[in-house]
Every structure is written in C-alpha cells, then in structure tokens.
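With mmCIF, C-alpha atoms inside, this is model_39.cif:
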```
data_data
loop_
_atom_site.label_atom_id
_atom_site.label_comp_id
_atom_site.auth_asym_id
_atom_site.auth_seq_id
_atom_site.Cartn_x
_atom_site.Cartn_y
_atom_site.Cartn_z
CA MET E 1 199.55 -121.14 147.43
CA GLY E 2 197.60 -118.71 145.27
CA VAL E 3 194.73 -119.04 142.85
CA ASP E 4 197.01 -120.44 140.14
CA ASN E 5 197.50 -123.60 142.22
CA MET E 6 193.77 -124.06 142.88
CA GLN E 7 192.87 -126.29 139.98
CA ASN E 8 189.13 -126.54 139.34
CA PRO E 9 187.74 -128.80 140.67
CA GLU E 10 190.79 -130.82 141.74
CA ILE E 11 193.32 -129.51 144.25
CA ASP E 12 196.78 -130.91 144.90
CA SER E 13 196.47 -132.73 148.21
CA GLU E 14 200.14 -132.09 148.97
CA ASP E 15 199.46 -128.36 149.24
CA ILE E 16 197.13 -128.69 152.21
CA VAL E 17 197.24 -130.67 155.42
CA VAL E 18 193.80 -131.19 156.92
CA GLU E 19 193.81 -132.22 160.54
CA LYS E 20 191.50 -134.97 161.74
CA VAL E 21 188.41 -133.71 163.52
CA ASP E 22 185.96 -135.32 165.91
CA SER E 23 182.77 -135.71 163.85
CA SER E 24 180.62 -135.76 166.97
CA ILE E 25 181.62 -132.13 167.53
CA VAL E 26 181.82 -130.89 163.94
CA ASP E 27 178.27 -131.99 163.14
CA ASP E 28 176.93 -129.14 165.29
CA ALA E 29 176.69 -126.41 162.66
CA ASN E 30 175.82 -123.80 165.28
CA TYR E 31 178.96 -124.32 167.32
CA ILE E 32 181.67 -121.66 167.18
CA GLU E 33 185.14 -122.20 168.59
CA PRO E 34 185.86 -119.79 171.48
CA VAL E 35 187.99 -116.89 170.29
CA ALA E 36 190.06 -114.25 171.99
CA ALA E 37 188.40 -110.84 171.89
CA VAL E 38 190.00 -108.25 169.64
CA ASN E 39 190.06 -104.72 170.99
CA ASN E 40 189.62 -102.16 168.23
CA ALA E 41 191.14 -99.53 170.52
CA GLN E 42 194.48 -101.34 170.27
CA ILE E 43 194.65 -100.54 166.56
CA SER E 44 196.32 -97.22 165.92
CA THR E 45 193.99 -94.69 164.37
CA ALA E 46 197.00 -93.35 162.48
CA THR E 47 197.23 -96.64 160.57
CA LYS E 48 194.68 -96.93 157.81
CA LEU E 49 193.85 -100.57 157.19
CA VAL E 50 193.33 -101.45 153.53
CA PRO E 51 190.82 -104.20 152.66
CA HIS E 52 192.17 -107.21 150.74
CA TRP E 53 190.83 -110.55 149.54
CA TYR E 54 192.18 -113.67 151.28
CA ILE E 55 191.51 -117.40 150.87
CA LEU E 56 190.55 -119.70 153.73
CA HIS E 57 190.61 -123.49 153.60
CA THR E 58 187.73 -125.41 155.18
CA TYR E 59 186.71 -128.96 155.93
CA VAL E 60 184.87 -130.68 153.09
CA GLY E 61 181.28 -129.48 152.82
CA TYR E 62 181.63 -126.76 155.47
CA GLU E 63 181.91 -123.71 153.21
CA ASN E 64 178.48 -122.27 154.06
CA MET E 65 178.90 -123.08 157.74
CA VAL E 66 182.24 -121.24 157.77
CA LYS E 67 180.64 -118.18 156.11
CA ASP E 68 177.91 -118.08 158.76
CA ASN E 69 180.34 -118.65 161.64
CA LEU E 70 182.73 -115.93 160.45
CA GLU E 71 179.88 -113.41 160.32
CA LYS E 72 178.96 -114.31 163.90
CA VAL E 73 182.56 -114.12 165.12
CA PHE E 74 183.12 -110.68 163.58
CA GLU E 75 179.83 -109.54 165.13
CA LYS E 76 180.75 -110.99 168.53
CA ASN E 77 184.06 -109.15 168.52
CA ASN E 78 182.54 -105.86 167.28
CA LEU E 79 184.52 -106.01 164.03
CA GLN E 80 181.64 -105.92 161.53
CA SER E 81 183.02 -102.79 159.85
CA ARG E 82 186.21 -104.66 158.94
CA LEU E 83 184.43 -107.54 157.23
CA LEU E 84 183.50 -106.40 153.72
CA ASP E 85 182.50 -109.59 151.95
CA ILE E 86 182.60 -113.39 152.01
CA LYS E 87 182.17 -115.37 148.81
CA ILE E 88 181.86 -119.04 147.94
CA PRO E 89 182.12 -119.10 144.12
CA ASP E 90 179.84 -121.54 142.33
CA GLU E 91 178.86 -122.23 138.74
CA GLU E 92 175.90 -123.69 136.90
CA VAL E 93 176.61 -126.92 135.01
CA TYR E 94 174.51 -129.56 133.31
CA GLU E 95 174.53 -133.06 134.80
CA GLU E 96 173.14 -136.27 133.34
CA LYS E 97 171.11 -138.40 135.76
CA ASN E 98 168.75 -141.23 134.87
CA GLY E 99 168.86 -140.15 131.27
CA LYS E 100 167.80 -136.61 132.10
CA ARG E 101 169.87 -133.45 131.72
CA LYS E 102 169.59 -131.11 134.70
CA LEU E 103 171.09 -127.68 135.42
CA VAL E 104 172.72 -127.68 138.85
CA LYS E 105 175.02 -125.44 140.88
CA ARG E 106 178.36 -126.71 142.11
CA ARG E 107 181.34 -125.26 143.95
CA MET E 108 184.04 -123.85 141.70
CA PHE E 109 186.62 -124.34 144.47
CA PRO E 110 185.45 -126.97 147.00
CA THR E 111 186.78 -126.45 150.54
CA TYR E 112 187.73 -122.80 149.87
CA VAL E 113 186.11 -119.58 151.12
CA PHE E 114 187.11 -116.11 149.91
CA ILE E 115 187.00 -113.28 152.45
CA LYS E 116 187.52 -109.54 151.94
CA MET E 117 188.50 -107.76 155.12
CA GLU E 118 190.70 -105.16 156.76
CA TYR E 119 193.12 -107.62 158.30
CA ASP E 120 195.85 -107.23 160.89
CA ASN E 121 197.82 -109.80 162.89
CA SER E 122 195.59 -109.45 165.97
CA MET E 123 192.81 -111.20 164.02
CA TRP E 124 194.76 -114.35 163.07
CA HIS E 125 193.73 -116.54 166.02
CA MET E 126 190.15 -115.25 165.93
CA ILE E 127 189.76 -116.36 162.31
CA THR E 128 191.77 -119.60 162.31
CA LYS E 129 190.00 -120.83 165.48
CA THR E 130 186.57 -120.37 163.91
CA ARG E 131 184.80 -123.71 163.56
CA GLY E 132 185.25 -125.37 160.16
CA ILE E 133 188.42 -123.49 159.13
CA THR E 134 191.71 -125.35 158.78
CA GLY E 135 193.74 -122.22 158.03
CA PHE E 136 194.67 -119.47 155.60
CA VAL E 137 195.98 -120.24 152.13
CA GLY E 138 199.49 -118.76 152.10
CA PRO E 139 203.10 -119.42 153.06
CA LEU E 140 203.21 -121.53 156.26
CA GLY E 141 199.48 -120.92 156.68
CA ARG E 142 199.86 -117.15 156.97
CA PRO E 143 197.40 -114.86 155.13
CA LEU E 144 198.44 -113.89 151.61
CA PRO E 145 196.35 -111.18 149.90
CA LEU E 146 195.21 -111.95 146.37
CA SER E 147 196.70 -109.86 143.58
CA GLU E 148 194.59 -107.52 141.45
CA GLU E 149 195.01 -109.91 138.53
CA GLU E 150 193.70 -112.83 140.58
CA ILE E 151 190.76 -110.77 141.87
CA LYS E 152 189.76 -109.78 138.32
CA ARG E 153 190.15 -113.33 137.03
CA MET E 154 187.98 -114.67 139.87
CA ARG E 155 185.51 -111.74 139.45
CA LEU E 156 185.43 -111.38 143.21
CA ASP E 157 184.64 -107.67 143.22
CA GLU E 158 181.82 -107.97 140.68
CA GLN E 159 178.43 -107.49 142.31
CA PRO E 160 175.08 -108.50 140.80
CA ILE E 161 172.29 -106.01 140.14
CA VAL E 162 169.37 -107.26 142.20
CA ASP E 163 165.72 -106.77 141.26
CA THR E 164 163.70 -106.54 144.47
CA ASN E 165 160.43 -105.07 145.72
CA ILE E 166 161.90 -104.42 149.17
CA VAL E 167 162.27 -100.74 150.14
CA GLU E 168 163.59 -98.88 153.18
CA GLY E 169 161.30 -99.23 156.19
CA ASP E 170 159.93 -102.64 155.17
CA GLN E 171 159.44 -105.37 157.76
CA ILE E 172 161.45 -108.42 156.68
CA ARG E 173 162.33 -111.92 157.83
CA VAL E 174 165.76 -113.51 157.38
CA VAL E 175 165.20 -116.81 155.57
CA ARG E 176 168.76 -118.12 155.30
CA GLY E 177 172.19 -117.56 156.78
CA SER E 178 173.38 -117.03 160.35
CA PHE E 179 170.37 -114.83 161.30
CA GLU E 180 167.72 -117.15 159.81
CA GLY E 181 164.33 -116.86 161.50
CA ASN E 182 164.88 -113.32 162.82
CA ASP E 183 162.59 -110.43 161.88
CA GLY E 184 163.82 -106.90 161.33
CA VAL E 185 163.35 -103.56 159.58
CA VAL E 186 165.23 -102.40 156.47
CA SER E 187 167.39 -99.36 157.29
CA SER E 188 169.00 -98.91 153.86
CA LEU E 189 169.54 -100.68 150.54
CA ASN E 190 172.57 -101.09 148.29
CA LEU E 191 171.12 -102.60 145.11
CA SER E 192 174.40 -102.46 143.18
CA GLN E 193 175.95 -104.77 145.77
CA GLY E 194 172.80 -106.80 146.39
CA LYS E 195 172.79 -105.97 150.10
CA ALA E 196 170.51 -104.43 152.72
CA LYS E 197 171.21 -102.99 156.15
CA ILE E 198 168.57 -104.15 158.61
CA LYS E 199 167.89 -103.61 162.30
CA LEU E 200 167.96 -106.93 164.17
CA GLU E 201 168.10 -107.85 167.83
CA VAL E 202 171.59 -109.30 168.35
CA PHE E 203 172.80 -110.32 171.80
CA GLY E 204 169.86 -108.53 173.38
CA ARG E 205 170.20 -105.19 171.62
CA LEU E 206 169.12 -103.66 168.31
CA THR E 207 171.97 -103.72 165.83
CA ASP E 208 172.37 -102.69 162.18
CA VAL E 209 173.37 -105.80 160.25
CA GLU E 210 174.34 -105.88 156.56
CA ILE E 211 172.94 -108.90 154.77
CA ASP E 212 172.50 -110.18 151.21
CA LEU E 213 169.11 -109.37 149.68
CA ASN E 214 168.64 -113.01 148.70
CA GLN E 215 168.67 -113.89 152.40
CA ILE E 216 165.58 -111.86 153.33
CA GLU E 217 161.88 -111.82 152.48
CA LYS E 218 159.32 -109.06 152.86
CA LEU E 219 156.64 -109.68 155.51
#
```
Before anything else, please render the file you have as structure tokens.
Amino acid sequence: MGVDNMQNPEIDSEDIVVEKVDSSIVDDANYIEPVAAVNNAQISTATKLVPHWYILHTYVGYENMVKDNLEKVFEKNNLQSRLLDIKIPDEEVYEEKNGKRKLVKRRMFPTYVFIKMEYDNSMWHMITKTRGITGFVGPLGRPLPLSEEEIKRMRLDEQPIVDTNIVEGDQIRVVRGSFEGNDGVVSSLNLSQGKAKIKLEVFGRLTDVEIDLNQIEKL
C-alpha cells in the first residue's frame, strides 16, 4: 500500500491488521522492545546504501512515541548515520468549539510515521520490534520505498528555514523529544534543515546527536 491508498484522514481498515496489545505495557512511553544488535561491519563497504523514504504503521496515538523510540533504537545500535529523518505530517485547520473558531494542528495521516533511512534487510527486526510499530507499509508488510512523485506530493524532503538565536558553542537544554531534560553544547548548525548537532552524554559517554532546533532552548 502506497500513499495513494492513504486517504486523509480515513484509511481503509482492510489494508492493515493491527494486533491487540496489552495496554498495561503499552502505556509506558519509555519502554523499548528489545532488539537484536546490528553490526555495521557486516555491511559490505563496497555496497553503497541509498537513503529512501518508507512508511511505518503505528498504534493509534503513538506516532510521537514511535519517533522517539526509533531515534533511541538507532542510537543504541550505533546506526545514527543511517537515520536521516523521521516525519509525522500535520496540518493546521480551524475547528468550531462552543461557538468559537480555533486554529489547531492535526495529523494528516493518523497512525503513520514516515522515515528516511539507508535500509537493508538486517534492520527489519530492529525496526518492526520497536515499541508502538505494527509494521512497514508495503507488500506482506515488507518495506516499500516511496516514489519520487509521492515524495514531492507529500513534500517530505522540504525543510523549513528556521529563525533562531542559537549559535555554535551555546549551552542548550533539550525541551522535547527522546533526550528531553538533557543539557548539551551546540557543535554545529544546519539552518536550512532546521537541525543542530549537539554534544550530549548518552549511555555514559559524550556523543554528537543531531536534533531539531525546535526541540532545544538556549540556557
């Protein structure tokens, strides 16, 4: 199933089978399903992996949790360089409530997360076993890269220009996302992509982590 079958906001329930989950476990947003480690050395250096966009299906309301958990899983398995982007498209719409018109954000594709990565088959179990994910969108649940036409239509590769007073060397605090509450130092900025590379202590050691600028604040 590709983008053409993802009607907004309704999705054909016959296209997806969502397994029942124990709510007493799922409610723990910090829990990550154990995954098998992926050894980068097993990937031939002669094979150049090309990044593609893929679609993942999630449990209802777990899109942000899945984004955070995927970032942690890629970090845990030392695969950060192969994770290029994760997007949860939303849109601003007006809603009427109690006679008042209010501008709100809502998911364009509820229960779907878009991920751009350098994928190979060794990563399938790592990704599909991540908490909150029911599987890839594709034939028999296998990953199916989006076409260039679909990527352009979804505007997945468009990046906002961010206005920020943060500069390299600034002390910052992460205010949202999987590293929320951690302090770090800005190593570099990519304003065209709205991202910063910061030094954070991860698993007991200083690590360069790329993060969205809207997830950090200057101290």
Where is the centre and how long are the edges: axis-aligned box on segment 183-202 of chain E, 6 Å on each side, Å to one decimal, as JSON:
```
{"center_x": 169.3, "center_y": -104.7, "center_z": 155.8, "size_x": 25.4, "size_y": 23.5, "size_z": 37.2}
```
#### Entry: Option closest in space to Arg155 of chain E, from E:Lys87, E:Lys48, E:Arg106, E:Arg173 [counting all atoms listed in the file]
E:Lys87
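Among the candidates E:Leu83, E:Ile127, E:Met117, E:Val175, the one nearest to Val66 of chain E when counting all atoms listed in the file is E:Ile127.
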### Message
For the PyMOL selection byres ((chain E and resi 53) around 10), applied here, can you spell out every residue it catches as a count of residues only?
### Response
24
### Task
Would you mind reading off the distance between atom CA of Thr207 of chain E and atom CA of Asn78 of chain E, one decimal, in Å?
10.9 Å
Complete the atom set of segment 60-95 of chain E to N, CA and C atoms and return it as an mmCIF file, keeping the file's coordinate frame.
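Result file is part29.cif:
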```
data_model
loop_
_atom_site.group_PDB
_atom_site.id
_atom_site.type_symbol
_atom_site.label_atom_id
_atom_site.label_comp_id
_atom_site.auth_asym_id
_atom_site.auth_seq_id
_atom_site.Cartn_x
_atom_site.Cartn_y
_atom_site.Cartn_z
ATOM 1 N N VAL E 60 185.724 -130.367 154.229
ATOM 2 C CA VAL E 60 184.870 -130.680 153.090
ATOM 3 C C VAL E 60 183.393 -130.475 153.451
ATOM 4 N N GLY E 61 182.699 -129.692 152.634
ATOM 5 C CA GLY E 61 181.280 -129.480 152.820
ATOM 6 C C GLY E 61 180.911 -128.434 153.853
ATOM 7 N N TYR E 62 181.902 -127.723 154.404
ATOM 8 C CA TYR E 62 181.630 -126.760 155.470
ATOM 9 C C TYR E 62 181.758 -125.311 155.022
ATOM 10 N N GLU E 63 181.733 -125.074 153.710
ATOM 11 C CA GLU E 63 181.910 -123.710 153.210
ATOM 12 C C GLU E 63 180.835 -122.757 153.725
ATOM 13 N N ASN E 64 179.567 -123.145 153.605
ATOM 14 C CA ASN E 64 178.480 -122.270 154.060
ATOM 15 C C ASN E 64 178.491 -122.089 155.574
ATOM 16 N N MET E 65 178.814 -123.159 156.283
ATOM 17 C CA MET E 65 178.900 -123.080 157.740
ATOM 18 C C MET E 65 179.997 -122.101 158.157
ATOM 19 N N VAL E 66 181.128 -122.144 157.466
ATOM 20 C CA VAL E 66 182.240 -121.240 157.770
ATOM 21 C C VAL E 66 181.821 -119.791 157.514
ATOM 22 N N LYS E 67 181.117 -119.541 156.413
ATOM 23 C CA LYS E 67 180.640 -118.180 156.110
ATOM 24 C C LYS E 67 179.765 -117.667 157.256
ATOM 25 N N ASP E 68 178.807 -118.484 157.680
ATOM 26 C CA ASP E 68 177.910 -118.080 158.760
ATOM 27 C C ASP E 68 178.673 -117.851 160.063
ATOM 28 N N ASN E 69 179.595 -118.763 160.387
ATOM 29 C CA ASN E 69 180.340 -118.650 161.640
ATOM 30 C C ASN E 69 181.258 -117.424 161.656
ATOM 31 N N LEU E 70 181.871 -117.118 160.520
ATOM 32 C CA LEU E 70 182.730 -115.930 160.450
ATOM 33 C C LEU E 70 181.919 -114.661 160.695
ATOM 34 N N GLU E 71 180.729 -114.580 160.104
ATOM 35 C CA GLU E 71 179.880 -113.410 160.320
ATOM 36 C C GLU E 71 179.547 -113.244 161.798
ATOM 37 N N LYS E 72 179.272 -114.365 162.473
ATOM 38 C CA LYS E 72 178.960 -114.310 163.900
ATOM 39 C C LYS E 72 180.172 -113.900 164.728
ATOM 40 N N VAL E 73 181.338 -114.428 164.371
ATOM 41 C CA VAL E 73 182.560 -114.120 165.120
ATOM 42 C C VAL E 73 182.932 -112.647 164.986
ATOM 43 N N PHE E 74 182.845 -112.099 163.776
ATOM 44 C CA PHE E 74 183.120 -110.680 163.580
ATOM 45 C C PHE E 74 182.129 -109.831 164.357
ATOM 46 N N GLU E 75 180.859 -110.253 164.374
ATOM 47 C CA GLU E 75 179.830 -109.540 165.130
ATOM 48 C C GLU E 75 180.132 -109.605 166.624
ATOM 49 N N LYS E 76 180.479 -110.777 167.106
ATOM 50 C CA LYS E 76 180.750 -110.990 168.530
ATOM 51 C C LYS E 76 181.895 -110.118 169.012
ATOM 52 N N ASN E 77 182.884 -109.920 168.153
ATOM 53 C CA ASN E 77 184.060 -109.150 168.520
ATOM 54 C C ASN E 77 183.994 -107.688 168.067
ATOM 55 N N ASN E 78 182.767 -107.249 167.670
ATOM 56 C CA ASN E 78 182.540 -105.860 167.280
ATOM 57 C C ASN E 78 183.466 -105.416 166.148
ATOM 58 N N LEU E 79 183.638 -106.297 165.156
ATOM 59 C CA LEU E 79 184.520 -106.010 164.030
ATOM 60 C C LEU E 79 183.766 -106.041 162.695
ATOM 61 N N GLN E 80 182.434 -105.822 162.749
ATOM 62 C CA GLN E 80 181.640 -105.920 161.530
ATOM 63 C C GLN E 80 182.136 -104.971 160.440
ATOM 64 N N SER E 81 182.614 -103.799 160.837
ATOM 65 C CA SER E 81 183.020 -102.790 159.850
ATOM 66 C C SER E 81 184.261 -103.225 159.075
ATOM 67 N N ARG E 82 184.986 -104.219 159.609
ATOM 68 C CA ARG E 82 186.210 -104.660 158.940
ATOM 69 C C ARG E 82 185.995 -105.896 158.064
ATOM 70 N N LEU E 83 184.786 -106.421 158.104
ATOM 71 C CA LEU E 83 184.430 -107.540 157.230
ATOM 72 C C LEU E 83 183.602 -107.001 156.074
ATOM 73 N N LEU E 84 184.169 -106.996 154.868
ATOM 74 C CA LEU E 84 183.500 -106.400 153.720
ATOM 75 C C LEU E 84 182.695 -107.401 152.912
ATOM 76 N N ASP E 85 183.209 -108.618 152.782
ATOM 77 C CA ASP E 85 182.500 -109.590 151.950
ATOM 78 C C ASP E 85 183.054 -110.991 152.193
ATOM 79 N N ILE E 86 182.192 -111.981 151.996
ATOM 80 C CA ILE E 86 182.600 -113.390 152.010
ATOM 81 C C ILE E 86 181.942 -114.048 150.809
ATOM 82 N N LYS E 87 182.734 -114.737 149.996
ATOM 83 C CA LYS E 87 182.170 -115.370 148.810
ATOM 84 C C LYS E 87 182.582 -116.846 148.721
ATOM 85 N N ILE E 88 181.625 -117.630 148.223
ATOM 86 C CA ILE E 88 181.860 -119.040 147.940
ATOM 87 C C ILE E 88 181.501 -119.231 146.465
ATOM 88 N N PRO E 89 182.445 -119.069 145.553
ATOM 89 C CA PRO E 89 182.120 -119.100 144.120
ATOM 90 C C PRO E 89 181.505 -120.429 143.694
ATOM 91 N N ASP E 90 180.433 -120.332 142.909
ATOM 92 C CA ASP E 90 179.840 -121.540 142.330
ATOM 93 C C ASP E 90 179.558 -121.281 140.859
ATOM 94 N N GLU E 91 179.153 -122.327 140.163
ATOM 95 C CA GLU E 91 178.860 -122.230 138.740
ATOM 96 C C GLU E 91 177.713 -123.168 138.407
ATOM 97 N N GLU E 92 176.984 -122.837 137.347
ATOM 98 C CA GLU E 92 175.900 -123.690 136.900
ATOM 99 C C GLU E 92 176.412 -124.619 135.803
ATOM 100 N N VAL E 93 176.177 -125.911 135.985
ATOM 101 C CA VAL E 93 176.610 -126.920 135.010
ATOM 102 C C VAL E 93 175.470 -127.901 134.769
ATOM 103 N N TYR E 94 175.509 -128.539 133.622
ATOM 104 C CA TYR E 94 174.510 -129.560 133.310
ATOM 105 C C TYR E 94 175.043 -130.930 133.730
ATOM 106 N N GLU E 95 174.185 -131.705 134.394
ATOM 107 C CA GLU E 95 174.530 -133.060 134.800
ATOM 108 C C GLU E 95 173.509 -134.035 134.235
#
```
